[in-house]
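Each remark here refers to the structure printed beneath this line.
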Amino acid sequence: MKPSLRAMVTTAVLAVAVVLNPAPAQAASLTMLGADVSSLQRSLDLGAKYYQNGTAADPYDILKSAGANYMRLRVWNNPASGYNNKAKVLQQAKAIKAKGLKLLIDFHYSDTWADPGKQYPPAAWASHSLTQLQTDVYNYTYDVCNSLKAQGTTPDSVQIGNEINVGMLWPRGQVVNSDFAPLASLLKQGYNATKACNSSTQVMIHTADADSMSNARWFYDGIKNAGVTWDVTALSYYCMWHGTLANLYNVIADVKSRYGKPVVIAETAYQFTTADADSTANSIPGTVLCDGQPASWTGQATQFAYVQNTARNAGAIGVFYWEPTWYAVKGNGWDPANINGTGDGWDNMATFDWTGNVNPNLRWTA
């Protein structure tokens, strides 16, 4: 997810009639109750405070008390800001594991945001051939995983790529004319490196294909037929971009059955206000709503419950809220190349308000 994608959002209100609790495809519970907290270390380093019921508290404790048990961290190879690089991820992983939480590492294989619209290779790899990139992916994945393992914070799961709808490490790893072989060669190296580091770490392959069964089948059929192995199918779901809950249910149930693997919603979120806290426009305007839910504490909590219920009923095993702690803190901008000079396009989507108070209604539920 890149928080400056507001151009992708229509201004139409998506107040669609959906079945919020359809009959279960298979009895399931959500065991991965997750939060992506990749921006949190920067906020804390800048002096951000987090509050629950008016009392200052550790943000991990606040999330844990709301039911979260799994934290997700993106890792960028060499970001200009330094944040979300290997050293910062190692630091934050210690704090996460010290709280008894599980850890998902999200490899972007980039120095900046990677998502369906762009998958820029790290500057250090930019001129590398596909064969060289295969070695790069293996070595980098193994190094990050093994460094985490060496400090006692072995990742419980990793993503080999972030929202790789049409590949990663473009142009070498881009899927062109439905040729999945180049991408598959990279995904295999990421999988092999992870298992060499720790055989029990789960490998996710993550796309933003929750909107389309045909797109999901095209991608996952493509990598499967090219010989890629993975453990968990991961999807992004933002209702304002990816359609109805009924459609989400159908896509989850289909990929679960079709590939025989657990399914996780690796990213979701909903706005709590129509207002904007800083000079950077909101990535998702507060006026773009779903399922009749207002941009309020109650609406945010209810919509998140709807997503969890739909995922659970369709047979998924986890849901991750994207960047709940990223409220507007000056100096923690979205652009790693200008982190001090840019603002936060996610300030209306966080589960903490602009002074650090948590939404008292939002819960992760198994």
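In the structure tokens, chains take the letters A, B, ... in the order shown, each chain's residues start at 1, and ligands count up from 1 in the order shown.
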Query raised in the report: Where does DSSP see alpha helix (DSSP H) in region 178-356 of chain A, if you list the residues as an MDAnalysis selection string?
Result: chainID A and resid 181:197 213:225 239:242 245:259 297:314
Residues of region 83-303 of chain A in strand (DSSP E or B) according to DSSP, as a tab-separated table (two decimals) with N, CA and C atoms, in the first residue's frame?
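Saved as out32.tsv:
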```
chain	number	residue	atom	x	y	z
A	102	LYS	N	3.50	-11.96	17.41
A	102	LYS	CA	4.13	-12.61	16.26
A	102	LYS	C	4.51	-11.56	15.23
A	103	LEU	N	5.37	-11.98	14.27
A	103	LEU	CA	5.99	-11.02	13.36
A	103	LEU	C	5.89	-11.48	11.91
A	104	LEU	N	5.37	-10.57	11.07
A	104	LEU	CA	5.33	-10.75	9.62
A	104	LEU	C	6.24	-9.70	8.98
A	105	ILE	N	7.20	-10.14	8.18
A	105	ILE	CA	8.11	-9.24	7.46
A	105	ILE	C	7.66	-9.14	6.01
A	106	ASP	N	7.46	-7.91	5.56
A	106	ASP	CA	6.93	-7.61	4.23
A	106	ASP	C	8.07	-7.08	3.36
A	107	PHE	N	8.65	-7.97	2.55
A	107	PHE	CA	9.75	-7.58	1.66
A	107	PHE	C	9.19	-6.84	0.44
A	115	ASP	N	3.91	-1.38	-5.07
A	115	ASP	CA	2.48	-1.67	-5.08
A	115	ASP	C	2.07	-2.03	-6.51
A	118	LYS	N	3.66	0.19	-9.36
A	118	LYS	CA	5.10	0.41	-9.48
A	118	LYS	C	5.85	-0.59	-8.60
A	157	SER	N	6.29	-15.18	9.75
A	157	SER	CA	5.86	-15.18	8.35
A	157	SER	C	6.65	-14.12	7.60
A	158	VAL	N	6.77	-14.31	6.28
A	158	VAL	CA	7.32	-13.29	5.42
A	158	VAL	C	6.48	-13.20	4.16
A	159	GLN	N	6.49	-12.04	3.55
A	159	GLN	CA	5.92	-11.84	2.23
A	159	GLN	C	7.05	-11.70	1.23
A	160	ILE	N	7.01	-12.46	0.16
A	160	ILE	CA	7.98	-12.30	-0.92
A	160	ILE	C	7.36	-11.34	-1.92
A	167	GLY	N	3.83	-8.66	-10.98
A	167	GLY	CA	5.25	-8.92	-10.80
A	167	GLY	C	5.93	-7.93	-9.88
A	174	GLN	N	8.66	-8.36	-14.18
A	174	GLN	CA	7.28	-8.00	-14.53
A	174	GLN	C	6.66	-9.09	-15.39
A	176	VAL	N	4.67	-10.06	-18.38
A	176	VAL	CA	4.31	-9.49	-19.67
A	176	VAL	C	3.75	-10.60	-20.55
A	179	ASP	N	3.51	-14.20	-19.22
A	179	ASP	CA	4.72	-15.01	-19.02
A	179	ASP	C	5.17	-14.85	-17.58
A	202	GLN	N	6.36	-19.08	7.62
A	202	GLN	CA	5.40	-19.17	6.53
A	202	GLN	C	5.71	-18.14	5.46
A	203	VAL	N	5.61	-18.57	4.21
A	203	VAL	CA	5.85	-17.68	3.08
A	203	VAL	C	4.51	-17.30	2.45
A	204	MET	N	4.24	-15.99	2.41
A	204	MET	CA	3.04	-15.47	1.77
A	204	MET	C	3.38	-14.90	0.40
A	205	ILE	N	2.45	-15.04	-0.54
A	205	ILE	CA	2.51	-14.33	-1.80
A	205	ILE	C	1.31	-13.38	-1.82
A	206	HIS	N	1.60	-12.08	-1.95
A	206	HIS	CA	0.63	-11.03	-1.67
A	206	HIS	C	0.28	-10.23	-2.92
A	207	THR	N	-1.00	-10.18	-3.24
A	207	THR	CA	-1.51	-9.32	-4.30
A	207	THR	C	-2.65	-8.46	-3.76
A	232	VAL	N	0.87	-19.33	2.21
A	232	VAL	CA	-0.34	-18.55	2.51
A	232	VAL	C	-0.61	-17.60	1.35
A	233	THR	N	-1.86	-17.54	0.92
A	233	THR	CA	-2.29	-16.59	-0.09
A	233	THR	C	-2.74	-15.31	0.61
A	234	ALA	N	-2.11	-14.18	0.26
A	234	ALA	CA	-2.40	-12.92	0.94
A	234	ALA	C	-2.99	-11.92	-0.05
A	235	LEU	N	-4.05	-11.22	0.39
A	235	LEU	CA	-4.76	-10.26	-0.43
A	235	LEU	C	-4.90	-8.93	0.31
A	236	SER	N	-4.92	-7.83	-0.43
A	236	SER	CA	-5.30	-6.54	0.14
A	236	SER	C	-6.78	-6.31	-0.14
A	263	VAL	N	-5.72	-18.38	3.67
A	263	VAL	CA	-5.85	-17.05	3.07
A	263	VAL	C	-5.83	-16.01	4.18
A	264	VAL	N	-5.13	-14.90	3.92
A	264	VAL	CA	-5.04	-13.80	4.86
A	264	VAL	C	-5.33	-12.50	4.12
A	265	ILE	N	-6.10	-11.62	4.75
A	265	ILE	CA	-6.21	-10.24	4.27
A	265	ILE	C	-5.06	-9.48	4.90
A	266	ALA	N	-4.04	-9.19	4.11
A	266	ALA	CA	-2.81	-8.60	4.63
A	266	ALA	C	-2.92	-7.10	4.85
A	267	GLU	N	-3.94	-6.47	4.24
A	267	GLU	CA	-4.15	-5.03	4.42
A	267	GLU	C	-5.63	-4.71	4.32
A	268	THR	N	-6.10	-3.90	5.25
A	268	THR	CA	-7.42	-3.28	5.16
A	268	THR	C	-7.42	-2.07	6.09
A	290	CYS	N	-18.32	3.21	2.57
A	290	CYS	CA	-18.75	1.87	2.17
A	290	CYS	C	-19.83	1.35	3.11
```
Report task. Could you check which of A:Cys145, A:Ile164, A:Leu30, A:Ala196 is closest to Val75 (chain A), using only C-alpha atoms? Result ->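 Result for the nearest residue to Val75 (chain A): A:Cys145.
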Query raised in the report: What is the distance, in Å and to one decimal place, between CA of Asp344 (chain A) and CA of Val319 (chain A)?
Result: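 Here the two named atoms are 23.1 Å from each other.
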Query raised in the report: Which neighbours of Thr135 (chain A) fall inside 12 Å, counting only C-alpha atoms, when residues of the same chain fewer than 5 positions from it are skipped, and could you give them as a list in words?
Result: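 In the requested format, the answer is Trp125, His128, Ser129, Leu130, Tyr140, Thr141, Tyr142, Asp143, Ser185, Leu186, Leu187, Lys188, Gln189, Gly190, Asn192 and Ala193 of chain A.
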Could you take the residues named above and write them with N, CA, C and O atoms, as a compact mmCIF listing (two decimals), in the first residue's frame?
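The resulting file, out22.txt, is shown below:
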```txt
# COMPACT_ATOMS: atom_id res chain seq x y z
N TRP A 125 20.45 -2.56 -7.29
CA TRP A 125 20.17 -3.68 -8.19
C TRP A 125 19.67 -3.23 -9.56
O TRP A 125 19.35 -4.06 -10.41
N HIS A 128 20.95 -4.85 -12.74
CA HIS A 128 21.20 -6.28 -12.69
C HIS A 128 20.31 -7.06 -13.65
O HIS A 128 19.15 -6.72 -13.89
N SER A 129 20.87 -8.13 -14.18
CA SER A 129 20.13 -9.05 -15.03
C SER A 129 19.17 -9.87 -14.19
O SER A 129 19.24 -9.86 -12.94
N LEU A 130 18.28 -10.60 -14.84
CA LEU A 130 17.35 -11.46 -14.10
C LEU A 130 18.12 -12.49 -13.28
O LEU A 130 17.77 -12.76 -12.13
N TYR A 140 19.49 -11.33 -0.07
CA TYR A 140 18.89 -10.29 0.76
C TYR A 140 17.84 -10.88 1.70
O TYR A 140 17.79 -10.56 2.89
N THR A 141 16.99 -11.74 1.17
CA THR A 141 15.96 -12.39 1.99
C THR A 141 16.59 -13.19 3.11
O THR A 141 16.17 -13.09 4.29
N TYR A 142 17.60 -13.97 2.77
CA TYR A 142 18.27 -14.78 3.78
C TYR A 142 18.94 -13.90 4.83
O TYR A 142 18.85 -14.17 6.03
N ASP A 143 19.60 -12.83 4.39
CA ASP A 143 20.31 -11.96 5.32
C ASP A 143 19.37 -11.31 6.32
O ASP A 143 19.65 -11.30 7.53
N SER A 185 10.92 -17.21 -11.12
CA SER A 185 12.32 -17.47 -10.77
C SER A 185 12.74 -16.66 -9.56
O SER A 185 13.59 -17.11 -8.76
N LEU A 186 12.16 -15.48 -9.39
CA LEU A 186 12.47 -14.64 -8.23
C LEU A 186 11.74 -15.12 -6.99
O LEU A 186 12.31 -15.18 -5.89
N LEU A 187 10.46 -15.46 -7.14
CA LEU A 187 9.67 -15.93 -6.00
C LEU A 187 10.26 -17.22 -5.42
O LEU A 187 10.28 -17.41 -4.20
N LYS A 188 10.74 -18.08 -6.27
CA LYS A 188 11.35 -19.33 -5.81
C LYS A 188 12.58 -19.05 -4.95
O LYS A 188 12.80 -19.72 -3.93
N GLN A 189 13.37 -18.06 -5.35
CA GLN A 189 14.55 -17.72 -4.56
C GLN A 189 14.18 -17.15 -3.20
O GLN A 189 14.81 -17.46 -2.19
N GLY A 190 13.13 -16.33 -3.16
CA GLY A 190 12.67 -15.81 -1.88
C GLY A 190 12.16 -16.91 -0.97
O GLY A 190 12.43 -16.91 0.24
N ASN A 192 12.99 -20.16 -1.10
CA ASN A 192 14.10 -21.03 -0.70
C ASN A 192 14.96 -20.37 0.37
O ASN A 192 15.41 -21.04 1.32
N ALA A 193 15.19 -19.07 0.25
CA ALA A 193 15.99 -18.37 1.24
C ALA A 193 15.30 -18.36 2.61
O ALA A 193 15.94 -18.55 3.65
```
Requested in this report: Find the residue from A:Ala275, A:Ala123, A:Ala28, A:Ala305 that sits nearest to Gln293 (chain A); use only C-alpha atoms when measuring.
Outcome: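 The answer is A:Ala305, which sits nearest to Gln293 (chain A).
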Query raised in the report: Restricting the calculation to only C-alpha atoms, which member of A:Leu90, A:Val144, A:Met349, A:Ala226 is positioned closest to Ala328 (chain A)?
Result: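 Looking only at the distances to Ala328 (chain A), the closest residue turns out to be A:Met349.
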Query raised in the report: What lies within 12 Å of Tyr306 (chain A) using only C-alpha atoms, ignoring chain neighbours under 3 positions off, as number ranges by chain?
Result: A: 18-22, 237, 239, 244-246, 248-249, 268-270, 290-293, 299-303, 309-313, 319, 362-365
Could those residues be written to a file, using N, CA and C atoms, as a compact mmCIF listing (two decimals), in the first residue's frame?
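Result went into result-v6.txt, see below:
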```
# COMPACT_ATOMS: atom_id res chain seq x y z
N VAL A 18 -24.90 -5.47 0.66
CA VAL A 18 -24.12 -6.70 0.62
C VAL A 18 -24.58 -7.62 1.72
N VAL A 19 -24.22 -8.88 1.56
CA VAL A 19 -24.47 -9.84 2.62
C VAL A 19 -23.27 -9.80 3.54
N LEU A 20 -23.46 -9.30 4.75
CA LEU A 20 -22.33 -9.06 5.64
C LEU A 20 -21.88 -10.31 6.38
N ASN A 21 -22.76 -11.24 6.55
CA ASN A 21 -22.41 -12.47 7.25
C ASN A 21 -22.96 -13.68 6.50
N PRO A 22 -22.43 -13.95 5.29
CA PRO A 22 -22.93 -15.10 4.53
C PRO A 22 -22.58 -16.40 5.22
N TYR A 237 -7.48 -5.70 0.83
CA TYR A 237 -8.88 -5.34 0.62
C TYR A 237 -9.18 -3.99 1.25
N CYS A 239 -12.27 -1.38 0.84
CA CYS A 239 -13.61 -1.46 0.25
C CYS A 239 -13.83 -0.40 -0.83
N THR A 244 -17.35 -4.93 -3.11
CA THR A 244 -18.24 -5.30 -2.03
C THR A 244 -17.68 -6.41 -1.14
N LEU A 245 -18.25 -6.50 0.04
CA LEU A 245 -17.91 -7.59 0.94
C LEU A 245 -18.36 -8.93 0.38
N ALA A 246 -19.47 -8.93 -0.32
CA ALA A 246 -19.93 -10.18 -0.93
C ALA A 246 -18.92 -10.69 -1.95
N LEU A 248 -15.69 -9.94 -1.90
CA LEU A 248 -14.53 -10.36 -1.11
C LEU A 248 -14.71 -11.80 -0.62
N TYR A 249 -15.88 -12.09 -0.11
CA TYR A 249 -16.18 -13.44 0.36
C TYR A 249 -15.95 -14.46 -0.75
N THR A 268 -6.10 -3.90 5.25
CA THR A 268 -7.42 -3.28 5.16
C THR A 268 -7.42 -2.07 6.09
N ALA A 269 -8.36 -1.16 5.89
CA ALA A 269 -8.49 0.01 6.76
C ALA A 269 -9.78 0.74 6.40
N TYR A 270 -10.19 1.65 7.29
CA TYR A 270 -11.38 2.47 7.03
C TYR A 270 -11.22 3.79 7.77
N CYS A 290 -18.32 3.21 2.57
CA CYS A 290 -18.75 1.87 2.17
C CYS A 290 -19.83 1.35 3.11
N ASP A 291 -20.75 0.59 2.55
CA ASP A 291 -21.72 -0.18 3.34
C ASP A 291 -22.50 0.67 4.32
N GLY A 292 -22.70 1.94 3.99
CA GLY A 292 -23.49 2.82 4.83
C GLY A 292 -22.81 3.24 6.11
N GLN A 293 -21.51 2.96 6.23
CA GLN A 293 -20.80 3.29 7.47
C GLN A 293 -20.21 4.69 7.40
N GLY A 299 -18.20 4.03 12.83
CA GLY A 299 -18.18 3.52 11.46
C GLY A 299 -16.91 2.75 11.16
N GLN A 300 -15.77 3.26 11.59
CA GLN A 300 -14.50 2.57 11.37
C GLN A 300 -14.50 1.20 12.03
N ALA A 301 -14.93 1.16 13.28
CA ALA A 301 -14.96 -0.11 14.02
C ALA A 301 -15.92 -1.10 13.38
N THR A 302 -17.09 -0.61 12.97
CA THR A 302 -18.08 -1.50 12.37
C THR A 302 -17.58 -2.06 11.04
N GLN A 303 -16.99 -1.20 10.20
CA GLN A 303 -16.50 -1.67 8.90
C GLN A 303 -15.38 -2.69 9.08
N ASN A 309 -15.57 -10.40 9.78
CA ASN A 309 -16.63 -11.39 9.70
C ASN A 309 -16.67 -12.06 8.33
N THR A 310 -16.53 -11.24 7.28
CA THR A 310 -16.56 -11.78 5.93
C THR A 310 -15.38 -12.71 5.70
N ALA A 311 -14.20 -12.30 6.12
CA ALA A 311 -13.01 -13.13 5.95
C ALA A 311 -13.15 -14.44 6.70
N ARG A 312 -13.59 -14.35 7.94
CA ARG A 312 -13.76 -15.56 8.76
C ARG A 312 -14.77 -16.52 8.13
N ASN A 313 -15.90 -15.98 7.72
CA ASN A 313 -16.96 -16.82 7.16
C ASN A 313 -16.55 -17.46 5.84
N VAL A 319 -6.62 -11.26 9.37
CA VAL A 319 -6.87 -9.92 8.83
C VAL A 319 -5.89 -8.96 9.50
N LEU A 362 -12.84 -0.19 18.28
CA LEU A 362 -12.28 -1.12 17.29
C LEU A 362 -11.64 -2.33 17.97
N ARG A 363 -11.97 -3.51 17.43
CA ARG A 363 -11.46 -4.76 18.02
C ARG A 363 -11.05 -5.75 16.93
N TRP A 364 -9.99 -6.50 17.21
CA TRP A 364 -9.68 -7.69 16.44
C TRP A 364 -10.34 -8.86 17.13
N THR A 365 -11.05 -9.70 16.38
CA THR A 365 -11.77 -10.81 16.98
C THR A 365 -11.47 -12.12 16.26
```
Query raised in the report: Excluding same-chain residues fewer than 2 positions from Gly227 (chain A), what lies within 9 Å of it counting only C-alpha atoms, as a ChimeraX atom specification?
Result: /A:181,184-185,188,222-225,229
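Candidate residues A:Gln271, A:Val307, A:Ala150, A:Lys99 were compared for distance to Ala295 (chain A), and the nearest is A:Gln271, using only C-alpha atoms.
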Requested in this report: Write out as a VMD selection string the residues lying within 12 Å of Leu46 (chain A), counting only C-alpha atoms and excluding same-chain residues fewer than 3 positions away.
Outcome: chain A and resid 39 to 43 49 328 to 333 339 to 340
Report summary line: CA of Asp353 (chain A) to CA of Tyr327 (chain A) measures 6.4 Å
Query raised in the report: Hey, what's within 9 Å of Asn198 (chain A) if we count only C-alpha atoms and toss same-chain stuff fewer than 3 positions away? As a VMD selection string, please?
Result: chain A and resid 145 to 146 149 154 to 155 193 to 195 201
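Atom pair CA of His108 (chain A) / CA of Gln92 (chain A) has a distance of 17.1 Å (rounded to one decimal).
If only C-alpha atoms are the atoms counted, then among A:Gln308, A:Ser212, A:Thr274, A:Thr325 the closest residue to Tyr60 (chain A) is A:Thr325.
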